[in-house]
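The next block is structure_9.cif, given as mmCIF, C-alpha atoms.
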```cif
data_upload
loop_
_atom_site.label_atom_id
_atom_site.label_comp_id
_atom_site.auth_asym_id
_atom_site.auth_seq_id
_atom_site.Cartn_x
_atom_site.Cartn_y
_atom_site.Cartn_z
CA MET A 1 -13.56 5.86 -14.15
CA ALA A 2 -11.45 3.59 -11.95
CA ILE A 3 -10.71 3.28 -8.24
CA LYS A 4 -7.97 1.06 -6.94
CA ILE A 5 -6.72 0.24 -3.45
CA THR A 6 -3.35 -1.50 -3.39
CA ASP A 7 -0.93 -2.78 -0.77
CA GLN A 8 1.93 -2.77 -3.30
CA PRO A 9 4.24 0.15 -4.19
CA PHE A 10 3.30 1.64 -7.54
CA ASP A 11 4.76 4.02 -10.09
CA PRO A 12 2.08 6.68 -10.68
CA TYR A 13 3.34 7.44 -14.19
CA GLN A 14 3.15 3.80 -15.19
CA GLU A 15 -0.37 3.59 -13.77
CA LEU A 16 -1.35 6.64 -15.81
CA GLN A 17 0.21 5.31 -19.00
CA LEU A 18 -1.53 1.98 -18.56
CA TYR A 19 -4.88 3.55 -17.81
CA GLN A 20 -4.60 5.99 -20.66
CA ASN A 21 -3.57 3.28 -23.14
CA THR A 22 -6.17 0.71 -22.23
CA GLN A 23 -9.14 2.28 -20.49
CA LEU A 24 -9.45 5.95 -21.20
CA ASP A 25 -12.49 6.99 -23.20
CA HIS A 26 -13.26 10.25 -24.98
CA LEU A 27 -9.77 10.65 -26.40
CA GLY A 28 -10.41 13.44 -28.92
CA ALA A 29 -12.46 15.39 -26.39
CA ILE A 30 -9.73 15.56 -23.75
CA GLY A 31 -7.99 18.91 -23.56
CA ALA A 32 -6.87 18.86 -19.94
CA THR A 33 -5.50 16.31 -17.53
CA SER A 34 -4.94 17.31 -13.93
CA ILE A 35 -3.00 14.93 -11.71
CA PHE A 36 -2.20 14.94 -8.04
CA ILE A 37 0.36 12.63 -6.45
CA GLY A 38 0.72 12.43 -2.69
CA THR A 39 4.06 11.05 -1.54
CA MET A 40 5.28 10.03 1.89
CA ARG A 41 7.71 12.57 3.30
CA ASP A 42 10.46 11.72 5.76
CA PHE A 43 9.24 14.28 8.27
CA ASN A 44 5.90 15.30 9.78
CA GLN A 45 5.02 17.66 12.61
CA GLY A 46 8.64 18.07 13.61
CA SER A 47 9.64 14.40 13.70
CA GLN A 48 11.71 12.25 11.40
CA VAL A 49 9.36 9.59 10.05
CA THR A 50 10.89 6.28 9.04
CA GLY A 51 7.79 4.47 7.87
CA MET A 52 4.04 4.39 7.95
CA SER A 53 1.20 1.96 7.82
CA ILE A 54 -2.18 2.80 6.40
CA GLU A 55 -5.28 1.00 7.58
CA HIS A 56 -8.58 1.18 5.74
CA TYR A 57 -12.14 -0.11 5.93
CA PRO A 58 -12.50 -2.43 2.92
CA GLY A 59 -15.78 -1.79 1.16
CA MET A 60 -16.53 1.54 2.81
CA THR A 61 -13.30 2.98 1.44
CA GLU A 62 -14.29 2.19 -2.15
CA LYS A 63 -17.87 3.33 -1.56
CA GLN A 64 -16.76 6.69 -0.17
CA LEU A 65 -14.21 7.17 -2.97
CA GLU A 66 -16.96 6.59 -5.52
CA LEU A 67 -19.05 9.18 -3.70
CA CYS A 68 -16.19 11.71 -3.93
CA VAL A 69 -16.02 11.17 -7.70
CA GLU A 70 -19.82 11.35 -8.10
CA LYS A 71 -19.93 14.64 -6.24
CA ALA A 72 -17.14 16.04 -8.41
CA GLN A 73 -19.02 14.88 -11.51
CA GLY A 74 -22.03 16.81 -10.29
CA LEU A 75 -20.00 19.97 -9.91
CA TRP A 76 -17.72 19.90 -12.96
CA SER A 77 -17.59 18.46 -16.43
CA ILE A 78 -15.37 15.37 -16.16
CA LEU A 79 -14.62 12.90 -18.93
CA ASP A 80 -12.74 10.31 -16.92
CA SER A 81 -10.92 9.81 -13.62
CA LEU A 82 -8.52 7.48 -11.87
CA ILE A 83 -7.79 7.12 -8.16
CA VAL A 84 -5.14 4.80 -6.71
CA HIS A 85 -4.45 4.69 -2.95
CA ARG A 86 -1.89 2.68 -1.01
CA VAL A 87 -2.63 0.73 2.15
CA GLY A 88 -0.33 -1.33 4.35
CA THR A 89 3.31 -0.59 5.08
CA ILE A 90 4.88 2.40 3.32
CA THR A 91 8.37 3.89 3.37
CA PRO A 92 9.40 7.51 2.65
CA ASN A 93 9.28 8.64 -1.00
CA GLU A 94 6.65 6.06 -1.87
CA VAL A 95 3.41 7.22 -3.41
CA ILE A 96 0.38 7.24 -1.11
CA VAL A 97 -2.27 8.52 -3.49
CA LEU A 98 -2.73 9.25 -7.18
CA ILE A 99 -5.70 11.22 -8.48
CA ALA A 100 -6.18 12.02 -12.17
CA VAL A 101 -9.05 13.84 -13.83
CA TRP A 102 -9.50 14.16 -17.60
CA SER A 103 -11.69 16.94 -18.96
CA SER A 104 -12.23 19.10 -22.03
CA HIS A 105 -11.28 22.27 -20.16
CA ARG A 106 -8.54 22.94 -17.66
CA GLY A 107 -10.69 24.74 -15.08
CA ASP A 108 -12.85 21.65 -14.61
CA ALA A 109 -9.84 19.34 -14.42
CA PHE A 110 -8.02 21.50 -11.84
CA ASP A 111 -11.08 22.08 -9.66
CA ALA A 112 -12.25 18.47 -9.71
CA THR A 113 -8.83 17.02 -8.87
CA ARG A 114 -8.44 19.31 -5.92
CA TYR A 115 -11.99 18.70 -4.75
CA ILE A 116 -11.57 14.91 -4.89
CA MET A 117 -8.30 15.17 -2.95
CA GLU A 118 -9.89 17.29 -0.20
CA ALA A 119 -12.98 15.06 -0.08
CA LEU A 120 -10.76 11.98 0.17
CA LYS A 121 -8.79 13.51 3.02
CA SER A 122 -11.88 14.38 5.00
CA THR A 123 -14.29 11.52 4.29
CA VAL A 124 -12.63 8.33 3.04
CA PRO A 125 -11.80 5.79 5.76
CA PHE A 126 -8.01 5.54 5.68
CA TRP A 127 -5.88 5.95 8.81
CA LYS A 128 -2.16 6.58 8.93
CA LYS A 129 0.13 5.37 11.68
CA GLU A 130 3.64 6.80 11.57
CA CYS A 131 6.84 5.17 12.78
CA ILE A 132 8.94 8.01 14.17
CA ASP A 133 12.67 8.12 14.74
CA THR A 134 12.43 7.17 18.40
CA ASP A 135 11.06 3.77 17.34
CA ALA A 136 7.68 4.87 18.61
CA GLN A 137 4.51 4.70 16.57
CA ARG A 138 1.81 7.33 16.53
CA TRP A 139 -1.53 7.65 14.79
CA VAL A 140 -1.92 10.72 12.67
CA VAL A 141 -4.86 12.38 14.39
CA SER A 142 -6.17 14.73 11.75
CA ASN A 143 -5.76 15.95 8.21
CA THR A 144 -5.27 19.63 7.47
CA SER A 145 -7.14 21.50 4.76
CA GLY A 146 -5.48 21.89 1.40
CA TYR A 147 -7.35 25.10 0.67
CA GLN A 148 -5.12 27.12 3.05
CA MET B 1 13.78 23.32 -12.30
CA ALA B 2 13.68 22.61 -16.02
CA ILE B 3 12.06 24.21 -19.05
CA LYS B 4 11.97 22.48 -22.40
CA ILE B 5 10.61 23.46 -25.82
CA THR B 6 10.36 20.59 -28.26
CA ASP B 7 9.15 20.05 -31.82
CA GLN B 8 8.82 16.30 -31.22
CA PRO B 9 5.80 14.45 -29.80
CA PHE B 10 6.44 13.40 -26.20
CA ASP B 11 4.90 11.11 -23.61
CA PRO B 12 4.34 13.28 -20.52
CA TYR B 13 4.56 10.32 -18.15
CA GLN B 14 7.91 9.27 -19.59
CA GLU B 15 9.17 12.86 -19.26
CA LEU B 16 8.07 12.89 -15.63
CA GLN B 17 9.66 9.53 -14.86
CA LEU B 18 12.91 10.60 -16.46
CA TYR B 19 12.98 13.95 -14.68
CA GLN B 20 12.08 12.41 -11.36
CA ASN B 21 14.70 9.67 -11.70
CA THR B 22 17.59 11.82 -12.81
CA GLN B 23 17.05 15.44 -11.87
CA LEU B 24 14.62 15.85 -9.04
CA ASP B 25 16.07 17.20 -5.80
CA HIS B 26 14.58 17.27 -2.29
CA LEU B 27 13.21 13.74 -2.50
CA GLY B 28 12.33 13.19 1.18
CA ALA B 29 10.75 16.63 1.43
CA ILE B 30 8.26 16.12 -1.39
CA GLY B 31 4.76 15.41 -0.21
CA ALA B 32 2.80 16.70 -3.18
CA THR B 33 3.17 16.66 -6.95
CA SER B 34 0.66 18.54 -9.04
CA ILE B 35 0.70 17.98 -12.78
CA PHE B 36 -1.18 19.56 -15.64
CA ILE B 37 -1.22 18.14 -19.15
CA GLY B 38 -2.76 20.08 -22.02
CA THR B 39 -3.71 17.94 -25.00
CA MET B 40 -4.88 18.88 -28.46
CA ARG B 41 -8.59 18.24 -28.88
CA ASP B 42 -10.23 17.42 -32.21
CA PHE B 43 -12.67 20.30 -31.86
CA ASN B 44 -12.50 23.98 -30.94
CA GLN B 45 -15.06 26.76 -31.11
CA GLY B 46 -17.51 24.60 -33.02
CA SER B 47 -15.15 23.27 -35.70
CA GLN B 48 -13.53 19.91 -36.25
CA VAL B 49 -9.79 20.51 -35.97
CA THR B 50 -7.52 18.18 -37.90
CA GLY B 51 -4.15 19.59 -36.93
CA MET B 52 -2.34 22.57 -35.52
CA SER B 53 0.94 24.33 -35.75
CA ILE B 54 2.48 26.24 -32.89
CA GLU B 55 4.87 29.09 -33.54
CA HIS B 56 7.04 30.60 -30.81
CA TYR B 57 9.66 33.28 -30.26
CA PRO B 58 12.85 31.37 -29.44
CA GLY B 59 14.60 32.97 -26.51
CA MET B 60 11.71 35.11 -25.34
CA THR B 61 9.60 31.99 -24.85
CA GLU B 62 12.14 30.47 -22.46
CA LYS B 63 12.69 33.82 -20.72
CA GLN B 64 8.99 34.33 -20.12
CA LEU B 65 8.53 30.73 -18.93
CA GLU B 66 11.32 31.26 -16.40
CA LEU B 67 9.56 34.41 -15.26
CA CYS B 68 6.31 32.44 -14.73
CA VAL B 69 8.18 29.96 -12.54
CA GLU B 70 9.99 32.72 -10.61
CA LYS B 71 6.71 34.46 -9.88
CA ALA B 72 5.17 31.20 -8.67
CA GLN B 73 8.22 30.62 -6.46
CA GLY B 74 7.66 34.03 -4.92
CA LEU B 75 4.05 33.18 -4.10
CA TRP B 76 4.27 29.54 -2.97
CA SER B 77 6.75 27.12 -1.51
CA ILE B 78 7.99 25.07 -4.46
CA LEU B 79 10.71 22.40 -4.33
CA ASP B 80 11.04 21.72 -8.05
CA SER B 81 9.22 22.19 -11.35
CA LEU B 82 9.21 20.99 -14.93
CA ILE B 83 7.64 22.59 -18.00
CA VAL B 84 7.63 21.02 -21.46
CA HIS B 85 5.87 22.72 -24.40
CA ARG B 86 5.44 21.55 -27.97
CA VAL B 87 6.03 23.71 -31.02
CA GLY B 88 5.66 22.90 -34.72
CA THR B 89 3.05 20.61 -36.25
CA ILE B 90 0.69 18.81 -33.88
CA THR B 91 -2.15 16.34 -34.42
CA PRO B 92 -5.18 15.70 -32.16
CA ASN B 93 -4.53 13.79 -28.92
CA GLU B 94 -0.90 14.89 -28.81
CA VAL B 95 0.34 16.70 -25.74
CA ILE B 96 0.83 20.45 -26.10
CA VAL B 97 2.03 21.31 -22.61
CA LEU B 98 3.18 19.56 -19.43
CA ILE B 99 3.57 21.43 -16.15
CA ALA B 100 4.67 19.72 -12.94
CA VAL B 101 5.28 21.26 -9.53
CA TRP B 102 6.76 19.41 -6.57
CA SER B 103 6.17 20.74 -3.08
CA SER B 104 5.98 19.67 0.56
CA HIS B 105 2.30 20.56 0.80
CA ARG B 106 -0.53 20.04 -1.63
CA GLY B 107 -1.98 23.54 -1.44
CA ASP B 108 1.27 25.02 -2.76
CA ALA B 109 1.57 22.42 -5.50
CA PHE B 110 -2.03 22.89 -6.72
CA ASP B 111 -1.91 26.69 -6.62
CA ALA B 112 1.49 27.00 -8.29
CA THR B 113 0.67 24.59 -11.13
CA ARG B 114 -2.51 26.42 -11.94
CA TYR B 115 -0.82 29.80 -11.68
CA ILE B 116 2.00 28.77 -14.02
CA MET B 117 -0.53 27.43 -16.53
CA GLU B 118 -2.55 30.66 -16.50
CA ALA B 119 0.60 32.80 -16.69
CA LEU B 120 1.87 30.70 -19.60
CA LYS B 121 -1.42 31.12 -21.45
CA SER B 122 -1.44 34.88 -21.03
CA THR B 123 2.23 35.87 -21.27
CA VAL B 124 4.45 33.30 -23.00
CA PRO B 125 4.94 33.88 -26.76
CA PHE B 126 3.39 30.83 -28.39
CA TRP B 127 0.79 31.10 -31.15
CA LYS B 128 -1.52 28.36 -32.36
CA LYS B 129 -2.78 28.05 -35.90
CA GLU B 130 -5.50 25.46 -36.39
CA CYS B 131 -6.26 23.42 -39.51
CA ILE B 132 -10.04 23.07 -39.58
CA ASP B 133 -12.14 20.51 -41.41
CA THR B 134 -12.77 22.78 -44.38
CA ASP B 135 -9.03 22.63 -45.15
CA ALA B 136 -8.77 26.21 -44.02
CA GLN B 137 -6.31 27.43 -41.45
CA ARG B 138 -7.07 29.96 -38.76
CA TRP B 139 -5.03 31.58 -36.02
CA VAL B 140 -6.38 31.09 -32.53
CA VAL B 141 -6.99 34.70 -31.55
CA SER B 142 -7.15 34.52 -27.77
CA ASN B 143 -6.85 32.26 -24.77
CA THR B 144 -9.68 32.02 -22.25
CA SER B 145 -9.15 32.19 -18.50
CA GLY B 146 -8.90 28.91 -16.61
CA TYR B 147 -10.24 30.47 -13.41
CA GLN B 148 -13.81 30.57 -14.76
CA MET C 1 21.92 53.59 -34.83
CA SER C 2 19.96 50.55 -35.88
CA ILE C 3 17.59 47.95 -34.47
CA LYS C 4 16.12 44.66 -35.57
CA VAL C 5 12.35 44.32 -35.76
CA TYR C 6 10.70 40.90 -35.59
CA TYR C 7 7.11 39.92 -36.37
CA PHE C 8 5.38 36.72 -35.32
CA ALA C 9 2.28 34.67 -36.17
CA SER C 10 -0.63 36.58 -37.75
CA LEU C 11 1.37 39.80 -37.56
CA LYS C 12 4.12 38.28 -39.66
CA GLU C 13 1.51 37.48 -42.31
CA HIS C 14 0.00 40.95 -41.97
CA VAL C 15 3.37 42.62 -42.47
CA GLY C 16 4.42 40.08 -45.09
CA SER C 17 7.85 39.70 -43.55
CA SER C 18 9.37 38.17 -40.43
CA GLU C 19 11.93 40.90 -39.80
CA HIS C 20 13.11 44.36 -40.71
CA GLU C 21 16.31 46.24 -40.06
CA LEU C 22 15.62 49.86 -39.08
CA ASP C 23 18.09 52.75 -38.94
CA PHE C 24 17.34 55.83 -36.90
CA THR C 25 19.14 58.97 -35.80
CA GLN C 26 17.02 60.38 -32.99
CA SER C 27 15.18 59.11 -29.92
CA LEU C 28 12.60 56.54 -30.97
CA LYS C 29 9.62 55.03 -29.14
CA VAL C 30 8.31 51.53 -29.76
CA LYS C 31 5.19 52.92 -31.41
CA ASP C 32 7.38 54.95 -33.79
CA VAL C 33 9.23 51.78 -34.72
CA TRP C 34 6.01 50.26 -36.02
CA PHE C 35 5.07 53.31 -38.07
CA GLN C 36 8.54 53.81 -39.49
CA ALA C 37 8.87 50.17 -40.47
CA ASN C 38 5.30 49.75 -41.72
CA ALA C 39 4.18 53.18 -42.82
CA GLU C 40 1.15 52.08 -44.77
CA LEU C 41 -0.07 49.29 -42.49
CA VAL C 42 -2.76 49.47 -39.83
CA LEU C 43 -1.44 48.40 -36.44
CA PRO C 44 -3.79 45.59 -35.42
CA LYS C 45 -5.59 46.07 -32.12
CA ASN C 46 -4.13 44.14 -29.17
CA THR C 47 -0.68 43.92 -30.76
CA LEU C 48 1.99 43.30 -28.13
CA ALA C 49 5.53 44.66 -28.16
CA ALA C 50 8.80 43.47 -26.65
CA ILE C 51 12.29 44.89 -26.47
CA ASN C 52 15.04 42.32 -26.05
CA MET C 53 12.46 39.69 -25.07
CA ASP C 54 10.81 41.71 -22.31
CA TYR C 55 7.30 43.08 -22.69
CA VAL C 56 7.25 46.86 -23.00
CA ASP C 57 4.62 49.52 -23.47
CA TRP C 58 4.29 51.61 -26.60
CA ASP C 59 6.09 54.64 -25.19
CA SER C 60 9.27 52.77 -24.28
CA LEU C 61 12.41 54.11 -25.92
CA VAL C 62 14.57 51.85 -28.07
CA SER C 63 18.37 51.91 -28.06
CA ASP C 64 20.99 51.08 -30.64
CA GLY C 65 21.23 47.31 -31.16
CA ASP C 66 17.86 46.52 -29.55
CA VAL C 67 15.65 43.78 -30.85
CA VAL C 68 12.04 44.92 -31.03
CA ALA C 69 9.28 42.37 -31.56
CA PHE C 70 5.62 42.79 -32.47
CA PHE C 71 3.10 39.98 -32.15
CA PRO C 72 -0.57 39.20 -31.50
CA PRO C 73 -1.93 38.02 -28.11
CA VAL C 74 -0.30 34.73 -27.18
CA THR C 75 -2.28 31.49 -27.43
CA GLY C 76 -0.03 28.75 -26.08
CA GLY C 77 -0.73 26.06 -23.51
CA MET D 1 -31.94 -9.21 16.39
CA SER D 2 -28.21 -8.80 16.06
CA ILE D 3 -25.65 -6.52 14.48
CA LYS D 4 -21.92 -6.55 13.85
CA VAL D 5 -19.80 -3.77 15.30
CA TYR D 6 -16.40 -2.91 13.77
CA TYR D 7 -13.63 -0.72 15.16
CA PHE D 8 -10.75 0.75 13.21
CA ALA D 9 -7.35 2.35 13.79
CA SER D 10 -6.82 3.96 17.21
CA LEU D 11 -10.35 3.03 18.22
CA LYS D 12 -9.61 -0.64 17.64
CA GLU D 13 -6.66 -0.30 20.02
CA HIS D 14 -8.80 1.64 22.51
CA VAL D 15 -11.51 -1.04 22.50
CA GLY D 16 -8.94 -3.85 22.35
CA SER D 17 -10.89 -5.65 19.66
CA SER D 18 -11.68 -5.21 15.98
CA GLU D 19 -15.28 -6.41 16.18
CA HIS D 20 -18.17 -7.33 18.41
CA GLU D 21 -21.43 -9.13 17.80
CA LEU D 22 -24.32 -7.41 19.60
CA ASP D 23 -27.80 -8.81 20.27
CA PHE D 24 -30.68 -6.50 21.03
CA THR D 25 -34.43 -6.76 21.43
CA GLN D 26 -35.66 -3.19 21.22
CA SER D 27 -35.04 -0.11 19.08
CA LEU D 28 -31.40 0.89 19.27
CA LYS D 29 -29.57 4.08 18.29
CA VAL D 30 -25.96 4.17 17.14
CA LYS D 31 -24.88 5.84 20.36
CA ASP D 32 -26.55 3.02 22.35
CA VAL D 33 -24.56 0.50 20.32
CA TRP D 34 -21.33 1.98 21.61
CA PHE D 35 -22.41 1.99 25.23
CA GLN D 36 -23.89 -1.52 25.13
CA ALA D 37 -20.79 -2.94 23.45
CA ASN D 38 -18.27 -0.96 25.50
CA ALA D 39 -19.97 -0.20 28.79
CA GLU D 40 -16.87 0.85 30.67
CA LEU D 41 -15.05 2.72 27.93
CA VAL D 42 -15.02 6.44 27.29
CA LEU D 43 -16.20 7.28 23.78
CA PRO D 44 -13.30 9.30 22.32
CA LYS D 45 -14.18 12.75 21.08
CA ASN D 46 -14.55 13.06 17.29
CA THR D 47 -15.38 9.39 16.86
CA LEU D 48 -17.22 8.77 13.60
CA ALA D 49 -19.95 6.20 13.01
CA ALA D 50 -21.16 4.36 9.93
CA ILE D 51 -24.02 1.95 9.25
CA ASN D 52 -23.46 -0.37 6.29
CA MET D 53 -20.59 1.82 5.09
CA ASP D 54 -22.51 5.10 5.08
CA TYR D 55 -21.76 7.84 7.57
CA VAL D 56 -24.57 8.30 10.11
CA ASP D 57 -25.21 10.50 13.10
CA TRP D 58 -25.42 9.21 16.63
CA ASP D 59 -29.20 9.14 16.77
CA SER D 60 -29.61 6.89 13.72
CA LEU D 61 -31.47 3.67 14.41
CA VAL D 62 -29.86 0.32 13.66
CA SER D 63 -31.70 -2.64 12.16
CA ASP D 64 -31.26 -6.37 12.38
CA GLY D 65 -28.23 -7.47 10.34
CA ASP D 66 -26.65 -4.01 10.12
CA VAL D 67 -22.93 -3.50 10.24
CA VAL D 68 -22.04 -0.59 12.51
CA ALA D 69 -18.52 0.86 12.46
CA PHE D 70 -16.75 3.25 14.80
CA PHE D 71 -13.52 4.97 13.90
CA PRO D 72 -11.43 8.10 14.48
CA PRO D 73 -11.25 11.01 11.99
CA VAL D 74 -9.82 9.76 8.70
CA THR D 75 -6.25 10.64 7.72
CA GLY D 76 -5.72 9.25 4.23
CA GLY D 77 -4.31 10.90 1.14
#
```
In C-alpha cells, how does this file's structure come out?
Amino acid sequence: MAIKITDQPFDPYQELQLYQNTQLDHLGAIGATSIFIGTMRDFNQGSQVTGMSIEHYPGMTEKQLELCVEKAQGLWSILDSLIVHRVGTITPNEVIVLIAVWSSHRGDAFDATRYIMEALKSTVPFWKKECIDTDAQRWVVSNTSGYQ
Amino acid sequence: MAIKITDQPFDPYQELQLYQNTQLDHLGAIGATSIFIGTMRDFNQGSQVTGMSIEHYPGMTEKQLELCVEKAQGLWSILDSLIVHRVGTITPNEVIVLIAVWSSHRGDAFDATRYIMEALKSTVPFWKKECIDTDAQRWVVSNTSGYQ
Amino acid sequence: MSIKVYYFASLKEHVGSSEHELDFTQSLKVKDVWFQANAELVLPKNTLAAINMDYVDWDSLVSDGDVVAFFPPVTGG
Amino acid sequence: MSIKVYYFASLKEHVGSSEHELDFTQSLKVKDVWFQANAELVLPKNTLAAINMDYVDWDSLVSDGDVVAFFPPVTGG
C-alpha cells in the first residue's frame, strides 16, 4: 500500500510499472487490477480553463487518504493499492490523481477503486483553484458525485 | 478505439503509454481514464495452476469485442477505448486482458469499463484451458459474474 | 448448397474435428446442422451457436455458403 | 492554554491569514474558536472543521496544544 503527494508532473503508467516492479506483494494471487486516472480537462462548467493550482493540508491529506484505503479494505478484499495525487500548479492534460487497486477478483478491484475515488473527492483536504480564460481565478466550490 | 488480439506477452502500461501517445484523440476533453487489467493467477477453484492456453475464434472474437464497445458507447459517453486480449500459452502473472476507457467524466469511464469487461466475459469467444498441478489439463467451464 | 461447420475448445475435442463441410438440399435449421454433421454425438448442454460470427438461436435457418460455429460457453477475460 | 488555528483555500483568503494562535482559559468548542479568532467575520456556509487532522463537529471541545483547521468543502481528485 502506498500513498504519495507530489508537486511534480508524473506519468501514471510509469508510476504503476515502478510500483508493480518494486513494491507489489501477492503477485500470484492478483487476478484483477483496477485503475483510475483523473486528468485535468481544458474546460469546466462552461469555461475554458488554462491552468489550475491545487492546495492541500499536509498531514491531514495523507491521514484522510489512509482512512479511505482502510475503509475500502474493510469492505472489499484488496491485496494492494497505490494512490498518487498532484498538488501545486497544473496545466491541462496533466494527471491529477492515480488510484490503483490490486485484488484476486475483479468485483473487489472495481468497487474498491471507485469507492476510494469517491471518498477522496468528498473527504480528503485538497482544493482546486482554476485559472479561466478571462485571466480570472476561481475556486472550485464543490465536487459532484461519480455515482450518477 | 482499438482492439487487439495477441499471442505475445505484453506490458499493459507500455500498451497504454503507446496508445495514449500516438492514437488517443480528444486530449483536452479527457477527465477520466478507467483501466482494468486481468492477470493470470496461480490458483483457481482450489487448484494450483501452472499455465493456461487460450483459444479463440478469429474474426468472431474481434466482431464481438467491437459489439461490446458499441453497446457501451450507446449507454455512456466515451471518448476513446482500448482492448488488448492474450491468446495462446500463458503463464501465471501474465496479463490476459487490458481494457481502458477514456471519458470526460469518471462515472462514464467506470461504468463503461466494467460493462465491457462483463460483456467480454459472457459473449466474446475465448476459451481457457488450465494446466493444473497434477499435470492434467482442464477447460474452464464458465465465467462468474463480476457484479457480485 | 453447402456450409462450413466449425467447432471450438472442448466441443472440438468432443467432436474430434475442428471443421466439417456439410451439403444440404432443403431448408436447414442450426440444430439440424449439428445432428446432420454429428449424428451419433450428444449435443452438450449450454452449447452456443453462431452463423457468420453472430450468435443465433437453434431455430435459425442457414443459407448456402454460411459458416456455422458450435462452441461451449466462453471463458475469456 | 493555547491552540493553533489554520485556514485553507478560499477560507484563508476570506480570513486574510493562514494561521492564528489563540489563547483561552476556559472550555472552548470548535465553533467558539472561529468566533474568538475572527470576531467580525461571517462563517461561510459549509465550512468544515478538523482537530489534529480529524474531522470534528462544531460542538467538539478543543484542548491545550490542539491544532484546529477550518476549510471549505474539499475539491480534490
Atom-to-atom span, CA of Met52 in chain B and CA of Asn21 in chain A, Å
23.0 Å
So that I can check the surroundings of Lys45 in chain D, please list as a ChimeraX atom specification every protein, DNA and RNA residue that reaches within 12 Å of it, counting all atoms listed in the file and ignoring chain neighbours fewer than 4 positions away.
/A:141 /D:11,49,70-73
Quick one: pull the distance between CA of Val62 in chain D and CA of Val30 in chain D, Å, one decimal.
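Pair CA of Val62 in chain D / CA of Val30 in chain D returns 6.5 Å.
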What are the closest atom pairs, with distances in Å to one decimal, for all residues of chain A lying within 8 Å of chain D? Consider only C-alpha atoms, order rows by chain and residue number, and present the result as CSV.
```
residue,atom,partner,partner_atom,distance
A:Gly38,CA,D:Gly77,CA,6.5
A:Ile54,CA,D:Gly76,CA,7.7
A:Glu55,CA,D:Ala9,CA,6.7
A:His56,CA,D:Phe8,CA,7.8
A:Tyr57,CA,D:Phe8,CA,7.5
A:Gly59,CA,D:Met53,CA,7.2
A:Met60,CA,D:Met53,CA,4.7
A:Lys63,CA,D:Met53,CA,7.3
A:Gln64,CA,D:Asp54,CA,7.9
A:His85,CA,D:Gly77,CA,7.4
A:Ile96,CA,D:Gly77,CA,6.4
A:Val97,CA,D:Gly77,CA,5.6
A:Met117,CA,D:Gly77,CA,7.1
A:Leu120,CA,D:Gly77,CA,6.6
A:Lys121,CA,D:Gly76,CA,5.4
A:Ser122,CA,D:Val74,CA,6.3
A:Thr123,CA,D:Val74,CA,6.5
A:Val124,CA,D:Val74,CA,6.5
A:Pro125,CA,D:Val74,CA,5.3
A:Phe126,CA,D:Gly76,CA,4.6
A:Trp127,CA,D:Thr75,CA,4.8
A:Lys128,CA,D:Thr75,CA,5.9
A:Trp139,CA,D:Ser10,CA,6.9
A:Val140,CA,D:Thr75,CA,6.6
A:Val141,CA,D:Pro73,CA,7.0
A:Ser142,CA,D:Thr75,CA,5.7
A:Asn143,CA,D:Thr75,CA,5.4
```
One decimal place gives the CA of Leu28 in chain C-CA of Val68 in chain C separation as 11.6 Å
Written as an MDAnalysis selection string, which residues does the PyMOL selection byres ((chain B) within 8 of (chain A)) give for the file shown?
chainID B and resid 13:14 16:17 27:43 92:93 104:107 110 114 146:148
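The set of residues that the PyMOL selection byres ((chain C and resi 16-22) around 6) takes from this file is Ser2, Ile3, Lys4, Val5, Tyr6, Tyr7, Lys12, Glu13, His14, Val15 and Asp23 of chain C.
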Identify, on the basis of all atoms listed in the file, every residue whose closest approach to Ala72 in chain A does not exceed 7 Å; exclude the query and any residue fewer than 6 positions from it along the same chain; express the result as a ChimeraX atom specification.
/A:112,115-116
Take the residues from that selection and put them in a file with C-alpha atoms, as a short mmCIF file (atom, residue, chain, number, x, y, z; two decimals), keeping the file's coordinate frame.
```cif
data_model
loop_
_atom_site.label_atom_id
_atom_site.label_comp_id
_atom_site.auth_asym_id
_atom_site.auth_seq_id
_atom_site.Cartn_x
_atom_site.Cartn_y
_atom_site.Cartn_z
CA ALA A 112 -12.25 18.47 -9.71
CA TYR A 115 -11.99 18.70 -4.75
CA ILE A 116 -11.57 14.91 -4.89
#
```
Taking the file above as input, evaluate the PyMOL selection byres ((chain D and resi 61) around 10) and report the hits as a PDB file with C-alpha atoms, keeping the file's coordinate frame.
```pdb
ATOM      1  CA  SER D  27     -35.040  -0.110  19.080  1.00  0.00           C
ATOM      2  CA  LEU D  28     -31.400   0.890  19.270  1.00  0.00           C
ATOM      3  CA  LYS D  29     -29.570   4.080  18.290  1.00  0.00           C
ATOM      4  CA  VAL D  30     -25.960   4.170  17.140  1.00  0.00           C
ATOM      5  CA  LYS D  31     -24.880   5.840  20.360  1.00  0.00           C
ATOM      6  CA  ASP D  32     -26.550   3.020  22.350  1.00  0.00           C
ATOM      7  CA  VAL D  33     -24.560   0.500  20.320  1.00  0.00           C
ATOM      8  CA  ILE D  51     -24.020   1.950   9.250  1.00  0.00           C
ATOM      9  CA  VAL D  56     -24.570   8.300  10.110  1.00  0.00           C
ATOM     10  CA  ASP D  57     -25.210  10.500  13.100  1.00  0.00           C
ATOM     11  CA  TRP D  58     -25.420   9.210  16.630  1.00  0.00           C
ATOM     12  CA  ASP D  59     -29.200   9.140  16.770  1.00  0.00           C
ATOM     13  CA  SER D  60     -29.610   6.890  13.720  1.00  0.00           C
ATOM     14  CA  VAL D  62     -29.860   0.320  13.660  1.00  0.00           C
ATOM     15  CA  SER D  63     -31.700  -2.640  12.160  1.00  0.00           C
TER      16      SER D  63
END
```
